[in-house]
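Trainee: Data: target12.txt, compact mmCIF, C-alpha atoms.
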```txt
# COMPACT_ATOMS: atom_id res chain seq x y z
CA MET A 1 137.56 32.05 -9.81
CA LEU A 2 137.12 30.68 -13.35
CA GLY A 3 137.77 27.11 -14.40
CA PRO A 4 138.82 26.01 -17.91
CA LEU A 5 135.17 25.56 -18.97
CA GLU A 6 134.15 29.07 -17.82
CA LYS A 7 137.19 30.60 -19.54
CA SER A 8 136.37 28.83 -22.81
CA LEU A 9 132.74 29.93 -22.64
CA LEU A 10 133.81 33.49 -21.87
CA ALA A 11 136.06 33.56 -24.94
CA ILE A 12 133.35 32.14 -27.21
CA LEU A 13 130.61 34.44 -25.91
CA LEU A 14 132.87 37.47 -26.18
CA LEU A 15 133.60 36.68 -29.84
CA VAL A 16 129.87 36.27 -30.48
CA LEU A 17 129.21 39.55 -28.69
CA MET A 18 131.73 41.43 -30.84
CA PHE A 19 130.36 39.80 -34.02
CA GLY A 20 126.85 40.85 -33.00
CA MET A 21 128.07 44.39 -32.34
CA GLY A 22 129.58 44.50 -35.82
CA ALA A 23 126.35 43.15 -37.30
CA GLY A 24 124.62 46.24 -35.99
CA LEU A 25 127.04 48.62 -37.72
CA THR A 26 127.22 49.91 -41.27
CA LEU A 27 129.54 52.21 -43.15
CA ASP A 28 126.79 54.81 -42.88
CA ASN A 29 127.50 54.99 -39.13
CA PHE A 30 131.05 56.11 -39.87
CA ARG A 31 129.94 58.41 -42.68
CA ALA A 32 127.58 60.08 -40.23
CA VAL A 33 130.54 60.68 -37.90
CA ALA A 34 132.50 62.18 -40.79
CA ARG A 35 129.62 64.48 -41.76
CA ARG A 36 128.85 65.67 -38.23
CA PRO A 37 131.87 64.81 -36.10
CA PHE A 38 131.41 67.16 -33.17
CA ALA A 39 129.01 65.13 -31.00
CA PRO A 40 130.69 61.73 -31.60
CA LEU A 41 134.16 63.17 -30.98
CA LEU A 42 132.91 64.87 -27.82
CA GLY A 43 131.55 61.51 -26.71
CA LEU A 44 134.88 59.87 -27.52
CA ALA A 45 136.75 62.49 -25.50
CA SER A 46 134.32 61.93 -22.63
CA GLN A 47 134.76 58.15 -22.88
CA PHE A 48 138.55 58.15 -22.74
CA GLY A 49 138.87 61.38 -20.76
CA TRP A 50 136.39 61.26 -17.90
CA MET A 51 136.16 57.52 -17.30
CA PRO A 52 139.86 56.70 -16.78
CA LEU A 53 140.25 59.83 -14.66
CA ILE A 54 137.25 58.86 -12.51
CA ALA A 55 138.55 55.32 -12.06
CA PHE A 56 142.05 56.55 -11.17
CA THR A 57 140.74 59.14 -8.71
CA LEU A 58 138.46 56.65 -6.95
CA ALA A 59 141.20 54.00 -6.77
CA ARG A 60 143.57 56.46 -5.13
CA ALA A 61 140.99 58.12 -2.87
CA LEU A 62 139.66 54.78 -1.61
CA ALA A 63 143.16 53.27 -1.26
CA LEU A 64 142.31 50.14 -3.22
CA PRO A 65 145.04 47.46 -3.36
CA ASP A 66 147.09 47.28 -6.56
CA ASP A 67 145.19 44.47 -8.24
CA MET A 68 141.75 45.98 -7.61
CA ALA A 69 142.97 49.47 -8.49
CA VAL A 70 144.14 48.22 -11.88
CA SER A 71 140.90 46.28 -12.31
CA LEU A 72 138.95 49.50 -11.72
CA LEU A 73 141.19 51.33 -14.20
CA VAL A 74 140.49 48.64 -16.82
CA ILE A 75 136.76 49.30 -16.30
CA GLY A 76 137.39 53.00 -16.90
CA CYS A 77 139.47 52.41 -20.04
CA VAL A 78 137.35 49.97 -22.04
CA PRO A 79 135.02 51.39 -24.69
CA GLY A 80 131.27 51.63 -24.40
CA GLY A 81 129.16 48.60 -25.24
CA THR A 82 125.85 47.77 -26.84
CA THR A 83 124.09 48.06 -23.47
CA SER A 84 124.45 51.83 -23.71
CA ASN A 85 122.65 51.73 -27.06
CA LEU A 86 119.74 49.87 -25.49
CA PHE A 87 119.37 52.31 -22.59
CA THR A 88 119.61 55.24 -25.01
CA MET A 89 116.71 53.74 -26.95
CA TYR A 90 114.67 53.11 -23.79
CA ALA A 91 115.25 56.73 -22.72
CA ARG A 92 114.00 57.98 -26.12
CA SER A 93 117.31 59.66 -26.86
CA ASP A 94 119.67 59.84 -29.87
CA VAL A 95 120.23 56.16 -30.73
CA ALA A 96 122.12 56.93 -33.95
CA LEU A 97 124.65 58.98 -32.01
CA SER A 98 124.98 56.23 -29.39
CA VAL A 99 125.67 53.57 -32.03
CA SER A 100 128.20 55.83 -33.77
CA MET A 101 130.02 56.47 -30.49
CA THR A 102 130.09 52.76 -29.65
CA ALA A 103 131.65 51.96 -33.03
CA LEU A 104 134.14 54.81 -32.79
CA SER A 105 135.22 54.06 -29.21
CA THR A 106 135.58 50.31 -29.88
CA ILE A 107 138.01 50.91 -32.74
CA ALA A 108 139.80 53.78 -30.98
CA ALA A 109 140.30 51.58 -27.89
CA VAL A 110 143.11 49.68 -29.62
CA VAL A 111 145.19 52.86 -29.42
CA MET A 112 143.57 54.82 -26.60
CA MET A 113 143.30 52.09 -23.96
CA PRO A 114 147.06 51.28 -23.86
CA LEU A 115 147.85 55.01 -23.83
CA VAL A 116 145.53 55.71 -20.91
CA LEU A 117 146.71 52.64 -18.99
CA GLY A 118 150.28 53.81 -19.54
CA LEU A 119 149.36 57.26 -18.24
CA TYR A 120 147.57 56.23 -15.04
CA GLY A 121 148.78 52.68 -14.42
CA PRO A 122 152.28 53.36 -13.01
CA ALA A 123 150.80 55.45 -10.18
CA LEU A 124 148.56 52.53 -9.15
CA THR A 125 151.07 49.68 -9.29
CA SER A 126 154.27 48.65 -7.58
CA THR A 127 157.36 46.97 -8.98
CA SER A 128 155.84 43.57 -8.15
CA PHE A 129 152.69 44.22 -10.19
CA GLU A 130 152.92 45.17 -13.85
CA ILE A 131 150.23 45.81 -16.43
CA PRO A 132 150.64 43.51 -19.47
CA HIS A 133 150.32 46.22 -22.11
CA GLU A 134 151.29 44.05 -25.08
CA GLY A 135 148.75 41.39 -24.14
CA ILE A 136 146.00 44.00 -23.82
CA VAL A 137 146.79 45.46 -27.26
CA SER A 138 146.77 41.96 -28.80
CA THR A 139 143.43 41.11 -27.17
CA LEU A 140 141.83 44.35 -28.38
CA ALA A 141 143.18 43.85 -31.91
CA ILE A 142 141.81 40.29 -32.00
CA MET A 143 138.37 41.58 -30.94
CA LEU A 144 138.27 43.76 -34.07
CA VAL A 145 138.26 40.63 -36.26
CA PRO A 146 134.73 39.42 -35.29
CA LEU A 147 133.60 43.08 -35.29
CA ALA A 148 134.72 43.44 -38.92
CA ALA A 149 133.18 40.05 -39.78
CA GLY A 150 129.87 41.21 -38.34
CA MET A 151 129.98 44.39 -40.43
CA GLY A 152 130.71 42.31 -43.52
CA THR A 153 127.74 40.09 -42.77
CA ARG A 154 125.53 43.14 -42.32
CA ALA A 155 126.61 44.50 -45.70
CA ARG A 156 125.99 41.22 -47.56
CA TRP A 157 123.09 39.64 -45.66
CA PRO A 158 121.17 42.38 -43.79
CA ALA A 159 118.36 40.05 -42.67
CA ARG A 160 120.76 37.53 -41.15
CA ALA A 161 122.79 40.29 -39.56
CA LYS A 162 119.74 41.50 -37.65
CA ALA A 163 119.39 38.09 -36.03
CA MET A 164 123.12 37.98 -35.25
CA GLU A 165 122.89 41.41 -33.64
CA SER A 166 120.23 40.08 -31.25
CA ILE A 167 122.29 36.96 -30.56
CA GLY A 168 125.31 39.16 -29.82
CA SER A 169 123.34 41.20 -27.28
CA LEU A 170 122.16 38.00 -25.62
CA ALA A 171 125.76 36.78 -25.56
CA GLY A 172 126.76 39.88 -23.62
CA ILE A 173 124.04 39.18 -21.05
CA ALA A 174 125.12 35.53 -20.95
CA VAL A 175 128.73 36.53 -20.21
CA LEU A 176 127.67 38.61 -17.23
CA GLY A 177 125.15 36.04 -16.02
CA LEU A 178 127.67 33.21 -16.26
CA LEU A 179 130.37 35.03 -14.35
CA ILE A 180 128.07 36.52 -11.73
CA VAL A 181 126.56 33.11 -10.94
CA THR A 182 129.90 31.29 -10.88
CA GLY A 183 131.47 34.16 -8.96
CA VAL A 184 128.81 34.20 -6.26
CA LEU A 185 128.46 30.42 -5.92
CA GLY A 186 132.14 29.64 -6.10
CA ASN A 187 133.46 32.56 -4.08
CA ALA A 188 131.08 33.04 -1.18
CA GLU A 189 134.00 34.07 1.00
CA LEU A 190 134.97 36.86 -1.39
CA VAL A 191 131.36 38.07 -1.54
CA GLY A 192 131.35 38.35 2.23
CA GLN A 193 134.59 40.32 2.11
CA THR A 194 133.22 42.98 -0.25
CA THR A 195 134.02 46.23 1.51
CA LEU A 196 132.41 49.65 1.45
CA PRO A 197 135.28 51.11 -0.63
CA MET A 198 134.73 48.35 -3.22
CA PHE A 199 131.02 49.24 -3.43
CA ALA A 200 131.83 52.95 -3.57
CA ALA A 201 134.40 52.45 -6.33
CA SER A 202 132.12 50.24 -8.45
CA ALA A 203 129.09 52.51 -8.08
CA GLY A 204 131.09 55.74 -8.35
CA VAL A 205 132.57 54.95 -11.77
CA GLY A 206 129.16 54.58 -13.42
CA LEU A 207 127.37 57.39 -11.59
CA SER A 208 130.19 59.87 -12.14
CA GLY A 209 130.38 58.85 -15.80
CA PHE A 210 126.68 59.57 -16.28
CA ALA A 211 126.96 62.95 -14.58
CA LEU A 212 130.14 64.20 -16.23
CA GLY A 213 129.17 62.88 -19.66
CA TYR A 214 125.85 64.74 -19.47
CA LEU A 215 127.38 67.94 -18.07
CA GLY A 216 130.13 67.95 -20.70
CA ALA A 217 127.58 67.63 -23.50
CA ALA A 218 125.37 70.31 -21.91
CA THR A 219 128.32 72.68 -21.61
CA ALA A 220 129.01 72.14 -25.30
CA GLY A 221 125.43 73.18 -26.08
CA LEU A 222 124.21 69.83 -27.45
CA PRO A 223 120.45 69.10 -27.40
CA VAL A 224 118.96 67.01 -24.59
CA ALA A 225 118.67 63.79 -26.63
CA GLN A 226 122.40 63.89 -27.42
CA ARG A 227 123.32 64.76 -23.84
CA ARG A 228 121.54 61.63 -22.64
CA ALA A 229 123.17 59.47 -25.30
CA ILE A 230 126.64 60.71 -24.32
CA ALA A 231 125.82 60.21 -20.63
CA PHE A 232 124.91 56.56 -21.20
CA GLU A 233 127.85 55.97 -23.53
CA THR A 234 130.23 57.45 -20.96
CA GLY A 235 128.89 55.71 -17.87
CA ILE A 236 128.13 52.24 -19.29
CA GLN A 237 131.29 50.35 -20.18
CA ASN A 238 131.79 47.16 -22.21
CA ILE A 239 132.20 44.91 -19.18
CA PRO A 240 132.35 41.60 -21.12
CA LEU A 241 135.38 43.05 -22.92
CA ALA A 242 136.92 44.15 -19.60
CA LEU A 243 136.42 40.64 -18.21
CA GLY A 244 137.94 39.11 -21.33
CA ILE A 245 140.99 41.38 -21.13
CA ILE A 246 141.58 40.49 -17.48
CA VAL A 247 141.25 36.74 -18.11
CA ALA A 248 143.36 36.80 -21.28
CA THR A 249 146.22 39.01 -20.11
CA PHE A 250 146.64 38.82 -16.32
CA PRO A 251 147.95 35.77 -14.39
CA ALA A 252 145.29 33.25 -13.33
CA SER A 253 146.21 33.72 -9.69
CA MET A 254 144.90 37.31 -9.90
CA HIS A 255 141.58 36.56 -11.60
CA GLU A 256 139.57 35.93 -8.45
CA ARG A 257 140.16 39.40 -7.03
CA MET A 258 140.45 41.34 -10.29
CA LEU A 259 137.15 40.08 -11.73
CA TRP A 260 135.10 41.03 -8.70
CA LEU A 261 134.98 44.80 -9.24
CA PRO A 262 133.88 44.56 -12.92
CA LEU A 263 131.07 42.18 -11.93
CA LEU A 264 130.02 44.43 -9.06
CA TYR A 265 130.14 47.44 -11.38
CA ALA A 266 127.98 45.60 -13.94
CA LEU A 267 125.26 44.94 -11.38
CA LEU A 268 125.27 48.47 -9.98
CA VAL A 269 125.45 50.28 -13.32
CA LEU A 270 122.45 48.33 -14.65
CA VAL A 271 120.44 49.39 -11.60
CA SER A 272 121.51 53.04 -11.84
CA ALA A 273 121.00 53.18 -15.63
CA SER A 274 117.51 51.71 -15.23
CA ALA A 275 116.65 54.33 -12.61
CA LEU A 276 118.01 57.12 -14.84
CA THR A 277 116.02 55.82 -17.81
CA TRP A 278 112.82 55.74 -15.75
CA TYR A 279 113.46 59.30 -14.54
CA TRP A 280 114.06 60.70 -18.04
CA ARG A 281 111.02 58.93 -19.49
CA HIS A 282 108.91 60.19 -16.56
CA ARG A 283 110.10 63.77 -17.20
CA GLN A 284 109.13 63.51 -20.86
CA ARG A 285 105.60 62.44 -19.94
```
I need this file expressed as structure tokens, please.
Mentor:
Amino acid sequence: MLGPLEKSLLAILLLVLMFGMGAGLTLDNFRAVARRPFAPLLGLASQFGWMPLIAFTLARALALPDDMAVSLLVIGCVPGGTTSNLFTMYARSDVALSVSMTALSTIAAVVMMPLVLGLYGPALTSTSFEIPHEGIVSTLAIMLVPLAAGMGTRARWPARAKAMESIGSLAGIAVLGLLIVTGVLGNAELVGQTTLPMFAASAGVGLSGFALGYLGAATAGLPVAQRRAIAFETGIQNIPLALGIIVATFPASMHERMLWLPLLYALLVLVSASALTWYWRHRQR
């Protein structure tokens, strides 16, 4: 599915994306978590509790083949991304909480993602298909380097960091755009073979994440603005990171099929998040 040029561009854009994410973070974000930890920790539990469980349940219920089942599980296990921060802002919700949860989940993913994959993965794979846990841990750890560099830039050169944060967000869009275009143009046969279970799995992960994230926060008695932030942070995953993990750690022969569900999820979750944002803004008016 991806040639050497696309793989190189993906790696570069992913590093830029993580640097840009770091450029949007400060130590105050983590101090805010320490001062008022309940909402961010609830969001973290929702991120690594609901999402992997949803992905696992859908993969089993829809009888996805091993490679696509694991691909869906990777979607459910990656942390939230900066896209959730943008939708939280558009929905006039708690942006500070969203940013704090993104930072917390990105760092926690180095430990949590391998644990969750180890918990659910064996039930989705056979002896002929193994999840490369060590490679995933290494990839996640490497991604923390540009994140830390971005935070350092923010601390020393705030004005420059603001520009890098915007460039990082654009890099995330570029990753998705690049892979969607190359995926559609270069794999027309695979597009035609997209089945109803594949659509249901890709759409179901995001929609269920929105619903359960919101309901969990409501049950905990959090205000509406924080419920919406947790809903977006739960349902919108860092798909560029998921794509990078698949390309970096799984055999090239599996990329064509394994990358399709994350790309399909990315398209569908953007549509559903846009509709949810419009609905919440309309209710406020």
Trainee: Thr234 in chain A: which residues within 9 Å, counting all atoms listed in the file, same-chain residues fewer than 6 positions away excluded, as a list in words?
Mentor: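 Residues meeting the cut-off are Gly43, Leu44, Ser46, Gln47, Phe48, Trp50, Met51, Pro79, Gly80, Ser84, Gly206, Gly209, Phe210, Leu212, Gly213 and Tyr214 of chain A.
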Trainee: Mind giving me the straight-line distance from CA of Ala218 in chain A to CA of Leu72 in chain A in Å, one decimal?
Mentor: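 Pair CA of Ala218 in chain A / CA of Leu72 in chain A returns 26.9 Å.
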Trainee: For the atom pair CA of Arg228 in chain A and CA of Arg36 in chain A, what is the interatomic distance in Å to one decimal place?
Mentor: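 That distance, rounded to one decimal, is 17.7 Å.
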Trainee: Between CA of Val269 in chain A and CA of Leu115 in chain A, measure the distance and give it in Å to one decimal.
Mentor: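 It comes out at 25.2 Å.
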Trainee: Distance cut-off 8 Å, centre (140.6, 57.0, -18.4) in file coordinates, counting all atoms listed in the file: which residues qualify? Return them as JSON, numbers by chain.
Mentor: {"A": [47, 48, 49, 50, 51, 52, 53, 54, 55, 56, 73, 76, 77, 113, 116, 117, 120]}
Trainee: Would you list the residues near (147.0, 47.2, -5.7), meaning any protein, DNA or RNA residue with an atom at most 10 Å from that point in file coordinates, counting only C-alpha atoms, as a VMD selection string?
Mentor: chain A and resid 59 to 60 63 to 71 124 to 126 128 to 129 258
Trainee: I need the residues from that last selection saved to file as an mmCIF file, in the coordinates of the input (with C-alpha atoms), if you can.
Mentor:
```cif
data_model
loop_
_atom_site.group_PDB
_atom_site.id
_atom_site.type_symbol
_atom_site.label_atom_id
_atom_site.label_comp_id
_atom_site.auth_asym_id
_atom_site.auth_seq_id
_atom_site.Cartn_x
_atom_site.Cartn_y
_atom_site.Cartn_z
ATOM 1 C CA ALA A 59 141.200 54.000 -6.770
ATOM 2 C CA ARG A 60 143.570 56.460 -5.130
ATOM 3 C CA ALA A 63 143.160 53.270 -1.260
ATOM 4 C CA LEU A 64 142.310 50.140 -3.220
ATOM 5 C CA PRO A 65 145.040 47.460 -3.360
ATOM 6 C CA ASP A 66 147.090 47.280 -6.560
ATOM 7 C CA ASP A 67 145.190 44.470 -8.240
ATOM 8 C CA MET A 68 141.750 45.980 -7.610
ATOM 9 C CA ALA A 69 142.970 49.470 -8.490
ATOM 10 C CA VAL A 70 144.140 48.220 -11.880
ATOM 11 C CA SER A 71 140.900 46.280 -12.310
ATOM 12 C CA LEU A 124 148.560 52.530 -9.150
ATOM 13 C CA THR A 125 151.070 49.680 -9.290
ATOM 14 C CA SER A 126 154.270 48.650 -7.580
ATOM 15 C CA SER A 128 155.840 43.570 -8.150
ATOM 16 C CA PHE A 129 152.690 44.220 -10.190
ATOM 17 C CA MET A 258 140.450 41.340 -10.290
#
```
Trainee: Given the choices A:Trp280, A:Thr26, A:Gly20, A:Leu42, which gets closest to Ala225 in chain A if the distance is worked out from only C-alpha atoms?
Mentor: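 With only C-alpha atoms as the atom set, the closest residue is A:Trp280.
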Trainee: Select, from A:Met89, A:Ala103, A:Ala148, A:Ala11, the residue with the minimum atom-to-atom distance to Ile245 in chain A, counting all atoms listed in the file.
Mentor: A:Ala11
